[in-house]
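Have a look at run06.cif below; it lists mmCIF, C-alpha atoms.
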data_data
#
loop_
_atom_site.group_PDB
_atom_site.id
_atom_site.type_symbol
_atom_site.label_atom_id
_atom_site.label_comp_id
_atom_site.auth_asym_id
_atom_site.auth_seq_id
_atom_site.Cartn_x
_atom_site.Cartn_y
_atom_site.Cartn_z
ATOM 1 C CA MET A 1 11.603 5.698 10.878
ATOM 2 C CA SER A 2 14.950 4.066 10.181
ATOM 3 C CA THR A 3 18.106 5.531 8.677
ATOM 4 C CA ARG A 4 21.352 4.062 7.443
ATOM 5 C CA LYS A 5 23.934 5.943 9.507
ATOM 6 C CA SER A 6 22.568 9.128 11.052
ATOM 7 C CA ASP A 7 20.006 10.194 13.644
ATOM 8 C CA ILE A 8 17.220 12.739 13.183
ATOM 9 C CA VAL A 9 16.052 16.035 14.642
ATOM 10 C CA ILE A 10 12.340 16.890 14.831
ATOM 11 C CA ASP A 11 10.849 20.337 15.287
ATOM 12 C CA TRP A 12 7.325 19.692 16.548
ATOM 13 C CA GLY A 13 6.266 23.278 15.918
ATOM 14 C CA ASP A 14 5.244 24.025 19.501
ATOM 15 C CA GLY A 15 8.697 25.055 20.646
ATOM 16 C CA THR A 16 9.880 21.484 21.192
ATOM 17 C CA ILE A 17 12.948 20.409 19.188
ATOM 18 C CA GLU A 18 14.295 16.923 19.878
ATOM 19 C CA LEU A 19 17.161 14.732 18.764
ATOM 20 C CA TYR A 20 16.204 11.095 18.199
ATOM 21 C CA THR A 21 18.575 8.165 18.036
ATOM 22 C CA VAL A 22 16.836 5.821 15.591
ATOM 23 C CA ASN A 23 17.403 2.170 14.731
ATOM 24 C CA LYS A 24 19.513 1.705 11.646
ATOM 25 C CA ASN A 25 18.811 -0.353 8.490
ATOM 26 C CA VAL A 26 15.616 -2.017 9.731
ATOM 27 C CA VAL A 27 11.990 -2.155 8.562
ATOM 28 C CA GLY A 28 8.573 -2.883 10.036
ATOM 29 C CA GLU A 29 8.248 -3.310 13.782
ATOM 30 C CA ASN A 30 11.992 -2.849 14.261
ATOM 31 C CA MET A 31 11.848 0.792 13.157
ATOM 32 C CA SER A 32 12.049 3.467 15.825
ATOM 33 C CA SER A 33 8.693 4.757 17.040
ATOM 34 C CA ILE A 34 8.499 8.549 17.274
ATOM 35 C CA ARG A 35 5.670 10.267 19.169
ATOM 36 C CA HIS A 36 4.794 13.628 20.622
ATOM 37 C CA ASN A 37 1.929 14.896 22.782
ATOM 38 C CA TYR A 38 0.644 18.448 22.434
ATOM 39 C CA ASN A 39 -0.730 20.274 25.453
ATOM 40 C CA THR A 40 -3.117 22.252 23.249
ATOM 41 C CA ARG A 41 -4.473 21.710 19.788
ATOM 42 C CA TYR A 42 -1.755 22.308 17.212
ATOM 43 C CA THR A 43 -2.206 23.345 13.587
ATOM 44 C CA GLY A 44 0.945 23.673 11.516
ATOM 45 C CA ASP A 45 4.018 21.895 10.240
ATOM 46 C CA VAL A 46 6.142 19.221 11.847
ATOM 47 C CA LYS A 47 9.666 19.323 10.450
ATOM 48 C CA ILE A 48 11.914 16.260 10.322
ATOM 49 C CA TYR A 49 15.620 16.621 9.626
ATOM 50 C CA PRO A 50 17.629 13.442 8.901
ATOM 51 C CA LEU A 51 21.152 14.498 9.898
ATOM 52 C CA GLY A 52 22.584 12.394 7.077
ATOM 53 C CA GLY A 53 20.306 14.004 4.494
ATOM 54 C CA LEU A 54 17.293 12.628 2.666
ATOM 55 C CA ASN A 55 19.400 9.958 0.958
ATOM 56 C CA ASP A 56 20.194 8.424 4.359
ATOM 57 C CA VAL A 57 16.547 7.531 5.059
ATOM 58 C CA TYR A 58 16.116 3.751 4.956
ATOM 59 C CA ALA A 59 12.457 3.223 5.924
ATOM 60 C CA ILE A 60 9.352 5.187 6.914
ATOM 61 C CA GLY A 61 6.062 4.013 8.361
ATOM 62 C CA PHE A 62 3.095 5.796 9.875
ATOM 63 C CA THR A 63 -0.467 5.182 10.989
ATOM 64 C CA ASP A 64 -3.444 7.523 11.086
ATOM 65 C CA ASN A 65 -6.166 6.034 13.260
ATOM 66 C CA ALA A 66 -8.148 9.297 13.212
ATOM 67 C CA VAL A 67 -9.747 8.902 16.613
ATOM 68 C CA PRO A 68 -10.927 12.356 17.710
ATOM 69 C CA PHE A 69 -11.886 13.601 21.121
ATOM 70 C CA TYR A 70 -14.763 15.933 21.935
ATOM 71 C CA GLU A 71 -15.000 19.105 24.004
ATOM 72 C CA GLY A 72 -18.330 18.939 25.757
ATOM 73 C CA ALA A 73 -21.350 16.943 24.708
ATOM 74 C CA ASN A 74 -21.609 18.566 21.271
ATOM 75 C CA GLY A 75 -18.059 19.713 20.690
ATOM 76 C CA ALA A 76 -16.385 19.582 17.298
ATOM 77 C CA PRO A 77 -14.283 16.475 16.606
ATOM 78 C CA LYS A 78 -10.545 17.016 16.739
ATOM 79 C CA CYS A 79 -8.112 14.564 15.195
ATOM 80 C CA THR A 80 -5.062 14.314 12.988
ATOM 81 C CA GLN A 81 -5.677 15.304 9.376
ATOM 82 C CA TYR A 82 -3.052 15.805 6.719
ATOM 83 C CA ARG A 83 -2.373 15.433 3.023
ATOM 84 C CA PHE A 84 0.400 13.737 1.112
ATOM 85 C CA SER A 85 1.104 12.210 -2.287
ATOM 86 C CA ASN A 86 3.680 10.050 -3.994
ATOM 87 C CA GLU A 87 5.767 13.214 -4.278
ATOM 88 C CA PHE A 88 6.501 12.846 -0.569
ATOM 89 C CA ILE A 89 8.190 9.474 -0.940
ATOM 90 C CA LYS A 90 10.072 10.583 -4.053
ATOM 91 C CA GLN A 91 12.203 12.841 -1.845
ATOM 92 C CA PHE A 92 14.001 9.762 -0.505
ATOM 93 C CA SER A 93 15.995 8.374 -3.401
ATOM 94 C CA ASN A 94 17.466 5.460 -1.399
ATOM 95 C CA ILE A 95 14.417 4.444 0.634
ATOM 96 C CA ILE A 96 13.782 0.679 0.910
ATOM 97 C CA TYR A 97 10.452 0.465 2.742
ATOM 98 C CA PHE A 98 7.341 2.655 3.018
ATOM 99 C CA TYR A 99 4.230 1.857 5.050
ATOM 100 C CA ALA A 100 1.098 3.947 5.654
ATOM 101 C CA TYR A 101 -1.987 2.563 7.391
ATOM 102 C CA LEU A 102 -4.860 4.993 6.845
ATOM 103 C CA TYR A 103 -8.323 4.462 8.250
ATOM 104 C CA TYR A 104 -10.969 6.414 10.103
ATOM 105 C CA PHE A 105 -14.256 6.036 11.911
ATOM 106 C CA LEU A 106 -17.247 7.333 9.972
ATOM 107 C CA TYR A 107 -19.380 8.084 13.021
ATOM 108 C CA ASP A 108 -16.799 10.596 14.250
ATOM 109 C CA GLY A 109 -17.284 12.772 11.196
ATOM 110 C CA TYR A 110 -13.655 12.600 10.096
ATOM 111 C CA ALA A 111 -13.093 13.915 6.577
ATOM 112 C CA GLY A 112 -10.146 11.634 5.888
ATOM 113 C CA VAL A 113 -6.554 11.986 4.803
ATOM 114 C CA GLU A 114 -6.059 13.645 1.430
ATOM 115 C CA MET A 115 -3.833 11.176 -0.366
ATOM 116 C CA SER A 116 -3.195 11.632 -4.065
ATOM 117 C CA GLY A 117 -0.865 10.929 -6.947
ATOM 118 C CA ASP A 118 0.302 7.981 -9.022
ATOM 119 C CA TRP A 119 1.936 5.482 -6.677
ATOM 120 C CA ALA A 120 3.674 3.789 -9.568
ATOM 121 C CA ASP A 121 5.887 6.885 -9.668
ATOM 122 C CA ILE A 122 8.157 5.961 -6.753
ATOM 123 C CA PRO A 123 11.925 5.700 -6.180
ATOM 124 C CA ASP A 124 13.622 2.770 -7.916
ATOM 125 C CA SER A 125 15.246 1.842 -4.594
ATOM 126 C CA LEU A 126 11.916 1.004 -2.930
ATOM 127 C CA GLU A 127 11.518 -2.740 -2.277
ATOM 128 C CA THR A 128 8.311 -2.721 -0.226
ATOM 129 C CA LEU A 129 5.270 -0.450 -0.574
ATOM 130 C CA ILE A 130 2.489 -1.203 1.921
ATOM 131 C CA LEU A 131 -0.751 0.795 1.952
ATOM 132 C CA PRO A 132 -3.079 -1.722 3.629
ATOM 133 C CA LEU A 133 -6.354 0.116 4.128
ATOM 134 C CA ILE A 134 -6.987 3.336 2.250
ATOM 135 C CA ASN A 135 -9.788 5.582 3.507
ATOM 136 C CA THR A 136 -9.156 9.010 2.066
ATOM 137 C CA ALA A 137 -10.994 12.136 1.037
ATOM 138 C CA SER A 138 -9.486 11.752 -2.439
ATOM 139 C CA ILE A 139 -8.806 8.699 -4.604
ATOM 140 C CA PRO A 140 -5.114 7.926 -5.225
ATOM 141 C CA TYR A 141 -4.151 5.427 -7.889
ATOM 142 C CA ILE A 142 -1.504 3.207 -9.430
ATOM 143 C CA ASN A 143 -1.031 3.265 -13.185
ATOM 144 C CA CYS A 144 0.905 0.073 -13.857
ATOM 145 C CA ASP A 145 2.042 1.435 -17.212
ATOM 146 C CA ASN A 146 4.169 3.987 -15.348
ATOM 147 C CA PHE A 147 6.312 1.664 -13.226
ATOM 148 C CA SER A 148 10.016 2.051 -13.913
ATOM 149 C CA THR A 149 11.660 -0.964 -15.554
ATOM 150 C CA ASN A 150 14.557 -0.355 -13.142
ATOM 151 C CA SER A 151 12.331 -0.610 -10.080
ATOM 152 C CA ASN A 152 13.515 -2.892 -7.263
ATOM 153 C CA LEU A 153 9.977 -3.277 -5.894
ATOM 154 C CA LYS A 154 9.350 -6.790 -4.563
ATOM 155 C CA ASN A 155 6.286 -6.336 -2.359
ATOM 156 C CA LEU A 156 3.291 -4.274 -3.466
ATOM 157 C CA LEU A 157 0.396 -4.415 -1.009
ATOM 158 C CA ILE A 158 -2.513 -2.027 -1.574
ATOM 159 C CA SER A 159 -5.932 -2.054 0.193
ATOM 160 C CA TYR A 160 -5.473 -5.654 1.216
ATOM 161 C CA ASP A 161 -6.847 -5.616 4.781
ATOM 162 C CA ILE A 162 -10.334 -7.013 4.197
ATOM 163 C CA ASN A 163 -11.083 -7.527 7.880
ATOM 164 C CA TYR A 164 -11.558 -3.858 8.722
ATOM 165 C CA ASN A 165 -14.912 -2.651 7.447
ATOM 166 C CA THR A 166 -15.412 0.811 8.890
ATOM 167 C CA GLY A 167 -15.618 4.064 6.999
ATOM 168 C CA GLY A 168 -18.702 3.436 4.866
ATOM 169 C CA SER A 169 -18.461 4.474 1.218
ATOM 170 C CA ARG A 170 -14.922 5.807 1.639
ATOM 171 C CA ILE A 171 -13.399 2.466 2.467
ATOM 172 C CA TYR A 172 -10.826 1.235 -0.038
ATOM 173 C CA ARG A 173 -10.604 4.429 -2.057
ATOM 174 C CA PHE A 174 -7.884 3.413 -4.488
ATOM 175 C CA ASN A 175 -7.798 2.849 -8.233
ATOM 176 C CA ILE A 176 -5.666 0.426 -10.219
ATOM 177 C CA LYS A 177 -5.068 1.379 -13.840
ATOM 178 C CA GLY A 178 -3.050 0.189 -16.813
ATOM 179 C CA ASP A 179 -1.567 -3.203 -17.683
ATOM 180 C CA LEU A 180 -0.681 -5.497 -14.788
ATOM 181 C CA ALA A 181 1.838 -7.212 -17.044
ATOM 182 C CA LYS A 182 3.943 -4.068 -16.567
ATOM 183 C CA LEU A 183 4.368 -4.453 -12.822
ATOM 184 C CA PRO A 184 8.031 -4.087 -11.750
ATOM 185 C CA PRO A 185 10.180 -7.040 -12.884
ATOM 186 C CA LYS A 186 11.261 -8.083 -9.365
ATOM 187 C CA ILE A 187 7.746 -8.347 -7.894
ATOM 188 C CA GLU A 188 7.353 -11.403 -5.650
ATOM 189 C CA GLN A 189 4.202 -10.468 -3.744
ATOM 190 C CA VAL A 190 1.389 -8.332 -5.157
ATOM 191 C CA ARG A 191 -1.884 -7.581 -3.359
ATOM 192 C CA LEU A 192 -4.071 -5.105 -5.204
ATOM 193 C CA TRP A 193 -7.202 -5.995 -3.340
ATOM 194 C CA HIS A 194 -9.574 -3.300 -4.516
ATOM 195 C CA SER A 195 -9.967 -0.925 -7.430
ATOM 196 C CA ARG A 196 -12.889 1.384 -6.935
ATOM 197 C CA ASP A 197 -13.628 3.084 -10.264
ATOM 198 C CA THR A 198 -11.155 1.688 -12.773
ATOM 199 C CA THR A 199 -10.330 -1.753 -14.102
ATOM 200 C CA PRO A 200 -6.807 -2.726 -15.141
ATOM 201 C CA ILE A 201 -6.012 -5.249 -17.845
ATOM 202 C CA TYR A 202 -3.571 -8.112 -18.086
ATOM 203 C CA SER A 203 -2.218 -8.349 -21.632
ATOM 204 C CA GLY A 204 -0.165 -11.479 -20.961
ATOM 205 C CA GLY A 205 3.339 -12.486 -21.980
ATOM 206 C CA ARG A 206 4.931 -11.524 -18.652
ATOM 207 C CA ASN A 207 7.859 -13.473 -17.241
ATOM 208 C CA TRP A 208 7.096 -13.463 -13.534
ATOM 209 C CA ASN A 209 9.843 -13.638 -10.925
ATOM 210 C CA ALA A 210 11.174 -17.171 -10.501
ATOM 211 C CA ASN A 211 10.510 -16.984 -6.751
ATOM 212 C CA MET A 212 6.931 -15.859 -6.204
ATOM 213 C CA ASP A 213 5.047 -15.552 -2.929
ATOM 214 C CA SER A 214 1.486 -14.637 -3.906
ATOM 215 C CA VAL A 215 -0.788 -12.748 -6.269
ATOM 216 C CA TYR A 216 -4.048 -11.265 -4.955
ATOM 217 C CA LEU A 217 -6.070 -9.274 -7.460
ATOM 218 C CA PHE A 218 -9.314 -7.839 -6.098
ATOM 219 C CA GLY A 219 -11.751 -9.119 -3.499
ATOM 220 C CA GLN A 220 -14.393 -11.663 -4.271
ATOM 221 C CA ALA A 221 -17.371 -9.735 -2.886
ATOM 222 C CA PRO A 222 -18.727 -6.171 -2.685
ATOM 223 C CA ILE A 223 -17.367 -4.191 0.227
ATOM 224 C CA SER A 224 -19.194 -1.995 2.707
ATOM 225 C CA GLY A 225 -20.840 1.266 1.767
ATOM 226 C CA GLY A 226 -22.231 -0.004 -1.534
ATOM 227 C CA VAL A 227 -18.854 0.116 -3.281
ATOM 228 C CA THR A 228 -18.116 -2.834 -5.565
ATOM 229 C CA THR A 229 -14.567 -3.554 -6.541
ATOM 230 C CA LYS A 230 -13.622 -4.137 -10.178
ATOM 231 C CA SER A 231 -12.260 -7.371 -11.654
ATOM 232 C CA LEU A 232 -10.242 -8.731 -14.552
ATOM 233 C CA THR A 233 -12.047 -10.254 -17.507
ATOM 234 C CA GLN A 234 -12.170 -14.011 -17.950
ATOM 235 C CA THR A 235 -9.660 -13.756 -20.806
ATOM 236 C CA ASP A 236 -7.255 -11.731 -18.676
ATOM 237 C CA ASN A 237 -7.547 -14.206 -15.800
ATOM 238 C CA ASP A 238 -6.713 -17.047 -18.193
ATOM 239 C CA ARG A 239 -3.665 -15.152 -19.449
ATOM 240 C CA LEU A 240 -2.504 -14.446 -15.913
ATOM 241 C CA LEU A 241 -2.808 -18.052 -14.763
ATOM 242 C CA ASN A 242 -1.048 -19.366 -17.861
ATOM 243 C CA ASP A 243 1.878 -16.991 -17.284
ATOM 244 C CA LEU A 244 2.089 -17.736 -13.548
ATOM 245 C CA SER A 245 2.236 -21.479 -14.226
ATOM 246 C CA SER A 246 5.773 -20.946 -15.550
ATOM 247 C CA VAL A 247 7.051 -19.749 -12.157
ATOM 248 C CA THR A 248 9.614 -22.322 -11.017
ATOM 249 C CA SER A 249 9.504 -21.788 -7.246
ATOM 250 C CA TRP A 250 6.718 -20.630 -4.912
ATOM 251 C CA SER A 251 7.194 -19.809 -1.234
ATOM 252 C CA GLY A 252 5.409 -17.973 1.545
ATOM 253 C CA ASP A 253 1.658 -17.631 1.049
ATOM 254 C CA LYS A 254 1.557 -19.653 -2.182
ATOM 255 C CA LYS A 255 -1.775 -18.276 -3.332
ATOM 256 C CA VAL A 256 -3.173 -16.863 -6.557
ATOM 257 C CA HIS A 257 -6.489 -15.121 -6.027
ATOM 258 C CA THR A 258 -8.296 -13.188 -8.751
ATOM 259 C CA ARG A 259 -11.798 -11.759 -8.824
ATOM 260 C CA GLY A 260 -14.047 -13.028 -11.604
ATOM 261 C CA THR A 261 -14.049 -16.225 -13.627
ATOM 262 C CA ARG A 262 -11.672 -18.253 -15.744
ATOM 263 C CA SER A 263 -12.248 -20.676 -18.618
ATOM 264 C CA SER A 264 -10.943 -24.102 -19.589
ATOM 265 C CA VAL A 265 -8.119 -22.321 -21.428
ATOM 266 C CA SER A 266 -6.307 -22.106 -18.067
ATOM 267 C CA ASN A 267 -7.093 -25.663 -16.865
ATOM 268 C CA ASP A 268 -3.566 -26.925 -17.465
ATOM 269 C CA ALA A 269 -2.111 -23.849 -15.783
ATOM 270 C CA VAL A 270 -4.163 -24.429 -12.631
ATOM 271 C CA THR A 271 -3.125 -28.096 -12.550
ATOM 272 C CA ILE A 272 0.540 -27.074 -12.761
ATOM 273 C CA LEU A 273 0.171 -24.403 -10.067
ATOM 274 C CA GLU A 274 -1.634 -26.768 -7.703
ATOM 275 C CA SER A 275 1.101 -29.366 -8.221
ATOM 276 C CA LYS A 276 3.525 -26.761 -6.864
ATOM 277 C CA GLY A 277 1.437 -26.252 -3.733
ATOM 278 C CA VAL A 278 -0.282 -23.074 -4.919
ATOM 279 C CA THR A 279 -3.913 -22.447 -3.954
ATOM 280 C CA VAL A 280 -5.785 -20.978 -6.928
ATOM 281 C CA THR A 281 -9.037 -18.994 -6.767
ATOM 282 C CA PRO A 282 -11.160 -19.484 -8.816
ATOM 283 C CA SER A 283 -10.069 -23.112 -8.958
ATOM 284 C CA ALA A 284 -12.805 -24.237 -11.362
ATOM 285 C CA ALA A 285 -13.449 -23.051 -14.883
ATOM 286 C CA SER A 286 -16.764 -21.348 -15.721
#

Could you express the structure from this file as structure tokens?
Amino acid sequence: MSTRKSDIVIDWGDGTIELYTVNKNVVGENMSSIRHNYNTRYTGDVKIYPLGGLNDVYAIGFTDNAVPFYEGANGAPKCTQYRFSNEFIKQFSNIIYFYAYLYYFLYDGYAGVEMSGDWADIPDSLETLILPLINTASIPYINCDNFSTNSNLKNLLISYDINYNTGGSRIYRFNIKGDLAKLPPKIEQVRLWHSRDTTPIYSGGRNWNANMDSVYLFGQAPISGGVTTKSLTQTDNDRLLNDLSSVTSWSGDKKVHTRGTRSSVSNDAVTILESKGVTVTPSAAS
């Protein structure tokens, strides 16, 4: 966690209450790491009190690796399990950065985090939303039609870690809905790598940010557990490429990757993008 000005108090629920001095106004690896070990199994609430109030929270990140331990040869698995939704992040009206890495190991019998809600319904202040690998007992979603036009979101990375294939049929449980042309206006990097049960559209006519990093829309192959990700239609891919060819400056990853095919309608767009150093997939028309 990181705050702007204040520190935080945590009540761990087992009689331990601690004051933490946290790093201020930082994100990612520079945030303060907060941990606690329980002597016995604990079931209940952990309460976090930012001394400057909820509006003082700058960034939050957490990981659930769901590695249980066993009591005896046939003991029941014990590991962290919890539930949360987009309503959690909406409490922090000035938050800049939110990260949650959720995965689990199928052979340990872990039921998974219960994550729900529409993750387009987030605070306007948020600039980075990172949910790399989503293995949950439920299926959260993003309805692009519901993003606020006042959103400051620049980086939207959902289910993009394709190198971690554990969890069987629950891997990448996330749905993308609505019109991708309605993504927040300041988006510079978008990775919506998998949509399990729904397929978004791209209606076209979007003016993308003048300084783009990358666009990844859906993996190119089925993923583990027999779950096949959805893809845009050929027409939508053509529309997307034609709109992206108008971007004046590309930096960072410089890649446009969409699942499915494109037609000769987007040939000129691909030529323009490649002239700007952008790698386009699919590069050839079908």

**OP:** Could you tell me which residues the PyMOL selection byres ((chain A and resi 177-188) around 6) grabs in this file, written as an MDAnalysis selection string?
**Re:** chainID A and resid 142:145 151 153:154 176 189 200:202 206 209 212:213

Original post:
If you apply the PyMOL selection byres ((chain A and resi 43-53) around 12) to this file, what residues do you get, as a PyMOL selection string?
Top reply: chain A and resi 1-22+34-36+38+40-42+54-60+78-83+91-95

Original post:
For Leu240 of chain A, which residue among A:Gly204, A:Gly219, A:Pro123, A:Pro282 is the nearest when counting all atoms listed in the file?
Top reply: A:Gly204

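Between atom CA of Leu129 of chain A and atom CA of Thr198 of chain A the interatomic distance comes to 20.6 Å.
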
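Interatomic distance, atom CA of Thr281 of chain A against atom CA of Ser246 of chain A: 17.3 Å.
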
Original post:
So what do you get for atom CA of Ile96 of chain A versus atom CA of Met115 of chain A, distance-wise?
Top reply: 20.5 Å

Original post:
Just so the selection is clear, what residues does the PyMOL selection byres ((chain A and resi 267-277) around 7) cover here, as JSON, numbers by chain?
Top reply: {"A": [241, 242, 245, 254, 264, 265, 266, 278, 279, 280]}

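Proximity to Tyr141 of chain A at 10 Å, evaluated using only C-alpha atoms and with sequence-adjacent residues fewer than 6 positions away removed, yields Asn86, Met115, Ser116, Gly117, Asp118, Trp119, Ala120, Ile158, Arg173, Phe174, Asn175, Ile176, Lys177, Ser195, Arg196 and Thr198 of chain A.
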
Original post:
Which protein, DNA or RNA residues are at most 10 Å from (-7.2, -15.1, -9.3) in the file's coordinates when you count only C-alpha atoms, listed as a list of chain:residue names?
Top reply: A:Val215, A:Tyr216, A:Leu217, A:Phe218, A:Gly219, A:Gln220, A:Ser231, A:Leu232, A:Asp236, A:Asn237, A:Asp238, A:Leu240, A:Leu241, A:Lys255, A:Val256, A:His257, A:Thr258, A:Arg259, A:Gly260, A:Thr261, A:Arg262, A:Thr279, A:Val280, A:Thr281, A:Pro282, A:Ser283
